[in-house]
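As provided, upload.cif (mmCIF, C-alpha atoms and all ligand atoms) reads as follows.
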data_final
loop_
_atom_site.group_PDB
_atom_site.id
_atom_site.type_symbol
_atom_site.label_atom_id
_atom_site.label_comp_id
_atom_site.auth_asym_id
_atom_site.auth_seq_id
_atom_site.Cartn_x
_atom_site.Cartn_y
_atom_site.Cartn_z
ATOM 1 C CA MET N 1 114.446 12.398 33.092
ATOM 2 C CA ASN N 2 116.841 15.372 32.919
ATOM 3 C CA ILE N 3 120.305 15.244 31.295
ATOM 4 C CA VAL N 4 122.123 14.773 34.621
ATOM 5 C CA SER N 5 119.944 11.816 35.715
ATOM 6 C CA SER N 6 120.035 10.177 32.279
ATOM 7 C CA LEU N 7 123.809 10.458 32.202
ATOM 8 C CA LEU N 8 124.114 8.820 35.625
ATOM 9 C CA VAL N 9 122.027 5.889 34.336
ATOM 10 C CA THR N 10 124.037 5.600 31.094
ATOM 11 C CA VAL N 11 127.298 5.527 32.971
ATOM 12 C CA CYS N 12 126.120 2.980 35.525
ATOM 13 C CA LEU N 13 125.137 0.664 32.665
ATOM 14 C CA SER N 14 128.356 1.105 30.756
ATOM 15 C CA THR N 15 131.474 -0.964 31.263
ATOM 16 C CA MET N 16 134.415 0.644 33.033
ATOM 17 C CA SER N 17 136.844 2.889 31.251
ATOM 18 C CA LYS N 18 138.156 1.985 27.843
ATOM 19 C CA TYR N 19 138.700 5.661 27.335
ATOM 20 C CA HIS N 20 142.449 5.626 27.450
ATOM 21 C CA GLN N 21 142.540 3.025 24.668
ATOM 22 C CA GLU N 22 140.267 5.261 22.597
ATOM 23 C CA PHE N 23 142.558 8.215 23.269
ATOM 24 C CA LYS N 24 145.591 6.268 22.068
ATOM 25 C CA LYS N 25 143.777 5.153 18.917
ATOM 26 C CA GLU N 26 142.655 8.685 18.147
ATOM 27 C CA VAL N 27 146.059 10.320 18.521
ATOM 28 C CA ALA N 28 147.724 7.514 16.542
ATOM 29 C CA SER N 29 145.371 8.268 13.640
ATOM 30 C CA LEU N 30 146.389 11.946 13.401
ATOM 31 C CA GLU N 31 148.352 12.823 10.286
ATOM 32 C CA ASP N 32 149.333 16.304 11.420
ATOM 33 C CA ARG N 33 149.088 18.561 14.444
ATOM 34 C CA LYS N 34 145.555 19.661 15.219
ATOM 35 C CA LYS N 35 144.186 22.643 17.139
ATOM 36 C CA LEU N 36 143.003 21.573 20.589
ATOM 37 C CA LEU N 37 141.016 23.660 23.047
ATOM 38 C CA LEU N 38 141.794 22.262 26.481
ATOM 39 C CA HIS N 39 139.711 23.028 29.524
ATOM 40 C CA VAL N 40 142.038 23.247 32.543
ATOM 41 C CA CYS N 41 140.771 23.528 36.118
ATOM 42 C CA CYS N 42 144.083 24.253 37.876
ATOM 43 C CA GLY N 43 147.869 23.995 37.550
ATOM 44 C CA PRO N 44 148.431 20.663 39.348
ATOM 45 C CA CYS N 45 145.876 18.804 37.189
ATOM 46 C CA SER N 46 147.388 20.115 33.964
ATOM 47 C CA VAL N 47 151.026 19.142 34.515
ATOM 48 C CA TYR N 48 151.189 15.723 32.840
ATOM 49 C CA PRO N 49 148.250 16.117 30.414
ATOM 50 C CA LEU N 50 149.888 19.186 28.851
ATOM 51 C CA ILE N 51 153.165 17.378 28.240
ATOM 52 C CA LEU N 52 151.350 14.374 26.778
ATOM 53 C CA LEU N 53 149.025 16.392 24.535
ATOM 54 C CA ASP N 54 151.743 18.701 23.270
ATOM 55 C CA LYS N 55 153.125 15.762 21.255
ATOM 56 C CA TYR N 56 150.044 15.835 19.034
ATOM 57 C CA PHE N 57 148.301 19.198 19.316
ATOM 58 C CA ASP N 58 148.686 22.954 19.228
ATOM 59 C CA ILE N 59 147.099 23.648 22.575
ATOM 60 C CA THR N 60 145.034 26.561 23.779
ATOM 61 C CA ILE N 61 143.935 26.365 27.405
ATOM 62 C CA TYR N 62 140.480 27.653 28.285
ATOM 63 C CA TYR N 63 140.315 28.500 31.981
ATOM 64 C CA THR N 64 136.543 28.413 32.449
ATOM 65 C CA ASN N 65 136.008 27.613 36.122
ATOM 66 C CA ASP N 66 133.025 29.508 37.479
ATOM 67 C CA ASN N 67 132.777 26.817 40.150
ATOM 68 C CA ILE N 68 135.788 28.047 42.118
ATOM 69 C CA TYR N 69 134.876 29.820 45.344
ATOM 70 C CA PRO N 70 135.873 32.336 46.641
ATOM 71 C CA ASN N 71 137.295 34.607 43.989
ATOM 72 C CA SER N 72 140.669 34.760 45.779
ATOM 73 C CA GLU N 73 140.940 30.973 45.301
ATOM 74 C CA TYR N 74 139.964 31.281 41.627
ATOM 75 C CA GLN N 75 142.800 33.800 41.201
ATOM 76 C CA LYS N 76 145.258 31.690 43.169
ATOM 77 C CA ARG N 77 144.646 28.586 41.022
ATOM 78 C CA LEU N 78 144.900 30.677 37.873
ATOM 79 C CA GLY N 79 148.167 32.186 39.131
ATOM 80 C CA GLU N 80 149.641 28.730 39.688
ATOM 81 C CA LEU N 81 148.590 27.635 36.212
ATOM 82 C CA GLU N 82 150.281 30.716 34.739
ATOM 83 C CA ARG N 83 153.384 29.985 36.802
ATOM 84 C CA TYR N 84 153.496 26.417 35.437
ATOM 85 C CA LEU N 85 153.059 27.602 31.838
ATOM 86 C CA LYS N 86 155.947 29.990 32.319
ATOM 87 C CA MET N 87 158.133 27.122 33.604
ATOM 88 C CA ILE N 88 157.535 25.032 30.462
ATOM 89 C CA GLU N 89 157.277 27.760 27.827
ATOM 90 C CA ASP N 90 160.665 27.045 26.232
ATOM 91 C CA GLU N 91 159.719 23.453 25.450
ATOM 92 C CA HIS N 92 155.926 23.527 25.334
ATOM 93 C CA TYR N 93 154.281 26.677 24.023
ATOM 94 C CA VAL N 94 150.672 26.832 25.228
ATOM 95 C CA LYS N 95 148.263 29.717 24.785
ATOM 96 C CA LEU N 96 145.966 30.649 27.678
ATOM 97 C CA VAL N 97 142.482 32.152 27.312
ATOM 98 C CA ILE N 98 140.714 33.428 30.431
ATOM 99 C CA PRO N 99 137.036 34.123 29.831
ATOM 100 C CA GLU N 100 134.918 36.406 32.002
ATOM 101 C CA SER N 101 133.818 34.627 35.150
ATOM 102 C CA HIS N 102 130.140 34.168 36.132
ATOM 103 C CA GLN N 103 130.342 32.610 39.567
ATOM 104 C CA GLU N 104 126.840 33.659 40.680
ATOM 105 C CA ASP N 105 125.213 32.009 37.643
ATOM 106 C CA PHE N 106 127.139 28.857 38.405
ATOM 107 C CA LEU N 107 125.934 28.786 42.011
ATOM 108 C CA LYS N 108 122.326 29.272 40.912
ATOM 109 C CA ALA N 109 122.654 26.370 38.469
ATOM 110 C CA ILE N 110 123.986 23.875 41.005
ATOM 111 C CA SER N 111 122.215 25.004 44.181
ATOM 112 C CA LYS N 112 119.449 22.417 43.882
ATOM 113 C CA TYR N 113 122.105 19.720 44.267
ATOM 114 C CA LYS N 114 123.876 21.410 47.171
ATOM 115 C CA ASP N 115 123.240 18.516 49.559
ATOM 116 C CA ASP N 116 124.539 15.827 47.186
ATOM 117 C CA LYS N 117 127.713 14.046 48.135
ATOM 118 C CA GLU N 118 130.753 14.970 46.068
ATOM 119 C CA GLY N 119 130.910 13.015 42.833
ATOM 120 C CA TYR N 120 127.157 12.869 42.152
ATOM 121 C CA ARG N 121 124.608 15.124 40.415
ATOM 122 C CA ARG N 122 126.146 18.427 41.479
ATOM 123 C CA CYS N 123 129.484 17.404 40.068
ATOM 124 C CA VAL N 124 128.084 16.042 36.809
ATOM 125 C CA LYS N 125 126.286 19.362 36.365
ATOM 126 C CA CYS N 126 129.511 21.208 37.193
ATOM 127 C CA TYR N 127 131.600 19.249 34.672
ATOM 128 C CA GLY N 128 128.928 19.816 32.041
ATOM 129 C CA LEU N 129 128.635 23.572 32.575
ATOM 130 C CA ARG N 130 132.367 24.122 32.222
ATOM 131 C CA MET N 131 132.781 21.728 29.309
ATOM 132 C CA ARG N 132 129.880 23.382 27.482
ATOM 133 C CA GLU N 133 131.579 26.780 27.801
ATOM 134 C CA ALA N 134 134.731 25.265 26.341
ATOM 135 C CA PHE N 135 132.810 23.726 23.430
ATOM 136 C CA LYS N 136 131.122 27.057 22.664
ATOM 137 C CA TYR N 137 134.509 28.743 22.456
ATOM 138 C CA ALA N 138 136.000 25.888 20.423
ATOM 139 C CA LYS N 139 133.131 26.132 17.950
ATOM 140 C CA SER N 140 133.316 29.896 17.534
ATOM 141 C CA HIS N 141 137.114 29.814 17.153
ATOM 142 C CA HIS N 142 137.293 26.860 14.746
ATOM 143 C CA PHE N 143 139.203 24.336 16.841
ATOM 144 C CA ASP N 144 139.581 20.756 15.609
ATOM 145 C CA TYR N 145 139.210 19.185 19.055
ATOM 146 C CA CYS N 146 138.026 20.066 22.528
ATOM 147 C CA THR N 147 138.641 18.254 25.813
ATOM 148 C CA THR N 148 139.330 18.721 29.523
ATOM 149 C CA VAL N 149 142.113 17.653 31.882
ATOM 150 C CA MET N 150 139.619 16.729 34.605
ATOM 151 C CA SER N 151 139.950 12.973 34.024
ATOM 152 C CA ILE N 152 143.428 13.114 35.630
ATOM 153 C CA SER N 153 141.824 13.537 39.046
ATOM 154 C CA ASN N 154 141.081 10.499 41.195
ATOM 155 C CA HIS N 155 138.135 12.475 42.586
ATOM 156 C CA LYS N 156 136.457 12.944 39.207
ATOM 157 C CA ASN N 157 134.634 10.275 37.308
ATOM 158 C CA ALA N 158 136.158 9.781 33.848
ATOM 159 C CA ASN N 159 133.032 7.975 32.668
ATOM 160 C CA TYR N 160 130.774 10.959 33.355
ATOM 161 C CA ILE N 161 133.280 13.342 31.791
ATOM 162 C CA ASN N 162 133.647 11.297 28.604
ATOM 163 C CA GLU N 163 129.935 10.635 28.166
ATOM 164 C CA LEU N 164 129.267 14.359 28.559
ATOM 165 C CA GLY N 165 131.994 15.101 26.031
ATOM 166 C CA LYS N 166 130.442 12.745 23.488
ATOM 167 C CA LYS N 167 127.069 14.505 23.845
ATOM 168 C CA LEU N 168 128.685 17.923 23.441
ATOM 169 C CA GLU N 169 130.555 16.693 20.355
ATOM 170 C CA GLN N 170 127.199 15.844 18.749
ATOM 171 C CA GLU N 171 125.703 19.168 19.765
ATOM 172 C CA TYR N 172 128.544 21.450 18.652
ATOM 173 C CA GLY N 173 130.088 19.468 15.790
ATOM 174 C CA ILE N 174 133.587 19.726 17.332
ATOM 175 C CA LYS N 175 135.476 16.507 18.015
ATOM 176 C CA PHE N 176 135.739 15.605 21.682
ATOM 177 C CA LEU N 177 139.088 14.083 22.556
ATOM 178 C CA ILE N 178 138.231 11.116 24.750
ATOM 179 C CA SER N 179 140.702 10.614 27.576
ATOM 180 C CA ASP N 180 141.445 9.114 30.930
ATOM 181 C CA PHE N 181 144.707 10.801 31.819
ATOM 182 C CA LYS N 182 145.039 8.766 35.021
ATOM 183 C CA LYS N 183 145.679 5.569 33.059
ATOM 184 C CA ASP N 184 148.944 4.157 31.820
ATOM 185 C CA GLY N 185 150.813 5.609 34.802
ATOM 186 C CA GLY N 186 149.385 9.083 34.155
ATOM 187 C CA ILE N 187 148.450 9.751 37.758
ATOM 188 C CA GLU N 188 151.882 8.646 39.000
ATOM 189 C CA LYS N 189 153.652 10.791 36.400
ATOM 190 C CA ASN N 190 151.455 13.751 37.307
ATOM 191 C CA ASN N 191 152.164 13.315 41.033
ATOM 192 C CA GLU N 192 155.876 12.944 40.477
ATOM 193 C CA LEU N 193 156.069 16.067 38.322
ATOM 194 C CA ASN N 194 153.968 18.000 40.809
ATOM 195 C CA SER N 195 156.215 17.137 43.704
ATOM 196 C CA LYS N 196 159.225 18.438 41.755
ATOM 197 C CA LEU N 197 157.476 21.661 40.729
ATOM 198 C CA ASP N 198 156.162 22.567 44.160
ATOM 199 C CA LEU N 199 152.852 23.925 42.862
ATOM 200 C CA TYR N 200 150.094 25.002 45.247
ATOM 201 C CA HIS N 201 147.632 22.149 45.856
ATOM 202 C CA GLN N 202 144.145 23.126 46.876
ATOM 203 C CA SER N 203 142.556 21.307 49.822
ATOM 204 C CA TYR N 204 139.032 21.235 48.364
ATOM 205 C CA CYS N 205 137.555 20.669 44.940
ATOM 206 C CA GLY N 206 136.322 24.173 44.201
ATOM 207 C CA CYS N 207 132.672 25.143 44.717
ATOM 208 C CA LEU N 208 131.116 26.795 47.757
ATOM 209 C CA TYR N 209 129.717 23.462 48.982
ATOM 210 C CA SER N 210 133.048 21.673 48.749
ATOM 211 C CA TYR N 211 134.616 24.664 50.528
ATOM 212 C CA ILE N 212 132.068 24.427 53.382
ATOM 213 C CA ASN N 213 132.578 20.658 53.707
ATOM 214 C CA ASN N 214 136.322 21.167 53.841
ATOM 215 C CA GLU N 215 135.985 23.814 56.558
ATOM 216 C CA LYS N 216 133.989 21.347 58.695
ATOM 217 C CA LYS N 217 136.788 18.740 58.656
HETATM 218 S S1 LIG L 301 132.644 19.342 44.346
HETATM 219 FE FE1 LIG L 301 133.985 19.959 42.624
HETATM 220 S S2 LIG L 301 133.173 18.935 40.772
HETATM 221 FE FE2 LIG L 301 131.605 18.871 42.407
HETATM 222 S S3 LIG L 301 130.335 20.682 42.053
HETATM 223 FE FE3 LIG L 301 131.865 21.280 43.550
HETATM 224 S S4 LIG L 301 133.545 22.120 42.316
HETATM 225 FE FE4 LIG L 301 132.231 20.995 40.923
#

Output the file's structure in the form of structure tokens.
Ligand code: SF4
Amino acid sequence: MNIVSSLLVTVCLSTMSKYHQEFKKEVASLEDRKKLLLHVCCGPCSVYPLILLDKYFDITIYYTNDNIYPNSEYQKRLGELERYLKMIEDEHYVKLVIPESHQEDFLKAISKYKDDKEGYRRCVKCYGLRMREAFKYAKSHHFDYCTTVMSISNHKNANYINELGKKLEQEYGIKFLISDFKKDGGIEKNNELNSKLDLYHQSYCGCLYSYINNEKK
């Protein structure tokens, strides 16, 4: 059984999200500010998580999103993220790292799952590829923690994301910050902030296959 299939089984057997409770416990235990590498997929998903996390961490964003197709969309989402960071820079200083993009490698890696419905194997693989890149960077740059904002999205499964994060923590020896940013009113706060900021909201998740499905609607 490969890692994607075994993860799907693990998650199906597990109880539903206690991840937000674990997040609260973890941040309450911190005695000082820690260095956090935060994977961010786009501006709109980062709005509330950044404000929440800035209370506890010195944040560096890692914009590793080889999934986003076409390149003009990748640039557009990055531009909106940069615009948001500029808006909050006086109150929340956040560093942004933009690694080289390898969109063709990403497509090769997920193509065998191209016919899966959104939210299944293709997406688990996609979360894992991007989170692994973040962990590699966090390891080589001596971060205390690594996590992703993706759990804020109603379209992404927080269970898969957190179980992947726990595996990567073991592999790289960097603490994974468990989260479910939707909880505790997170999704409402994120939506409210977004509507005030007037950020660009994409109409599809990101990859070529989600783009094609969106075009068919
Ligand atoms: S639908 Fe979204 S999460 Fe799933 S593979 Fe495509 S970009 Fe990744």

Within 6 Å of ligand LIG 301 (chain L), which residues of chain N come that close, and what is the closest atom pair and distance in Å for each? Count only C-alpha atoms and all ligand atoms and give it as a tab-separated table.
residue	atom	partner	partner_atom	distance
N:Asn67	CA	L:LIG301	S4	5.2
N:Glu118	CA	L:LIG301	S1	5.1
N:Gly119	CA	L:LIG301	FE2	5.9
N:Arg122	CA	L:LIG301	S3	4.8
N:Cys123	CA	L:LIG301	FE2	3.5
N:Cys126	CA	L:LIG301	FE4	4.6
N:Cys205	CA	L:LIG301	FE1	4.3
N:Gly206	CA	L:LIG301	S4	3.9
N:Cys207	CA	L:LIG301	S4	4.0
N:Ser210	CA	L:LIG301	S1	5.0

Name all residues at most 12 Å from N:Lys24 (count all atoms listed in the file; drop same-chain ones fewer than 2 positions away) and give them as a PDB file with C-alpha atoms, in the frame of the given file.
ATOM      1  CA  LYS N  18     138.156   1.985  27.843  1.00  0.00           C
ATOM      2  CA  TYR N  19     138.700   5.661  27.335  1.00  0.00           C
ATOM      3  CA  HIS N  20     142.449   5.626  27.450  1.00  0.00           C
ATOM      4  CA  GLN N  21     142.540   3.025  24.668  1.00  0.00           C
ATOM      5  CA  GLU N  22     140.267   5.261  22.597  1.00  0.00           C
ATOM      6  CA  GLU N  26     142.655   8.685  18.147  1.00  0.00           C
ATOM      7  CA  VAL N  27     146.059  10.320  18.521  1.00  0.00           C
ATOM      8  CA  ALA N  28     147.724   7.514  16.542  1.00  0.00           C
ATOM      9  CA  SER N  29     145.371   8.268  13.640  1.00  0.00           C
ATOM     10  CA  LEU N  30     146.389  11.946  13.401  1.00  0.00           C
ATOM     11  CA  LEU N  52     151.350  14.374  26.778  1.00  0.00           C
ATOM     12  CA  LEU N  53     149.025  16.392  24.535  1.00  0.00           C
ATOM     13  CA  TYR N  56     150.044  15.835  19.034  1.00  0.00           C
ATOM     14  CA  LEU N 177     139.088  14.083  22.556  1.00  0.00           C
ATOM     15  CA  ILE N 178     138.231  11.116  24.750  1.00  0.00           C
ATOM     16  CA  SER N 179     140.702  10.614  27.576  1.00  0.00           C
ATOM     17  CA  ASP N 180     141.445   9.114  30.930  1.00  0.00           C
ATOM     18  CA  PHE N 181     144.707  10.801  31.819  1.00  0.00           C
ATOM     19  CA  LYS N 183     145.679   5.569  33.059  1.00  0.00           C
ATOM     20  CA  ASP N 184     148.944   4.157  31.820  1.00  0.00           C
TER      21      ASP N 184
END

**OP:** For N:Asn190, please output as a list in words all residues within 10 Å (counting all atoms listed in the file; exclusion window: fewer than 4 positions along the same chain).
**Re:**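 My list of contacting residues is Pro44, Cys45, Ser46, Val47, Tyr48, Pro49, Ile51, Ile152, Ser153, Phe181, Lys182, Gly185, Gly186, Asn194 and Ser195 of chain N.
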
Original post:
Could you name the residues that touch stretch 97-112 of chain N at 6 Å or less, counting only C-alpha atoms, but leaving out those on the same chain fewer than 6 positions away, as an MDAnalysis selection string?
Top reply: chainID N and resid 61:63 66 122

Subject >> Picked residues, the PyMOL selection byres (((chain N and resi 212-216) around 12) and not hetatm), as a ChimeraX atom specification >> reply: /N:69-70,114-118,202-211,217

**OP:** Using the chain letters and residue numbers of this document, give as a PyMOL selection string the residues selected by the PyMOL selection byres (((chain N and resi 42) around 8) and not hetatm).
**Re:** chain N and resi 40-41+43-46+77-78+80-81

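Going from atom CA of N:Lys34 to atom CA of N:Asp144 covers 6.1 Å.
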
**OP:** List, as a PyMOL selection string, every residue that the PyMOL selection byres (((chain N and resi 154-169) around 7) and not hetatm) selects in the file provided.
**Re:** chain N and resi 11+17+119+124+127-128+132+150-153+170-176+178+180

Assuming 6 Å of padding per side, give the centre and edge lengths of the axis-aligned box around every listed atom of stretch 121-136 of chain N, in Å to one decimal and as lines of an AutoDock Vina configuration file.
center_x = 129.7
center_y = 21.1
center_z = 32.1
size_x = 22.1
size_y = 23.9
size_z = 30.8

**OP:** For N:Leu85, work out the shell of residues within 10 Å, counting all atoms listed in the file and skipping chain neighbours fewer than 2 positions away, then give it as a list of chain:residue names.
**Re:**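 So, after excluding close chain neighbours, the residues are N:Gly43, N:Ser46, N:Val47, N:Leu50, N:Gly79, N:Glu80, N:Leu81, N:Glu82, N:Arg83, N:Met87, N:Ile88, N:Glu89, N:Asp90, N:His92, N:Tyr93, N:Val94, N:Lys95, N:Leu96.
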
Subject >> Point-to-point distance in Å for atom CA of N:Gln75 and atom CA of N:His201 >> reply: 13.4 Å

Subject >> N:Tyr74, N:Thr148, N:Leu37, N:Leu193 ranked by distance to N:Lys136, top pick (using all atoms listed in the file) >> reply: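 Using all atoms listed in the file, N:Lys136 sits closest to N:Leu37.
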
Original post:
Quick one: distance from atom CA of N:Lys76 to atom CA of N:Tyr200 in Å, one decimal?
Top reply: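 Computed distance, atom CA of N:Lys76 to atom CA of N:Tyr200, equals 8.5 Å.
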
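Proximity ranking of N:Ile187, N:Glu31, N:Val149, N:Thr64 relative to N:Leu129 places N:Thr64 first, based on all atoms listed in the file.
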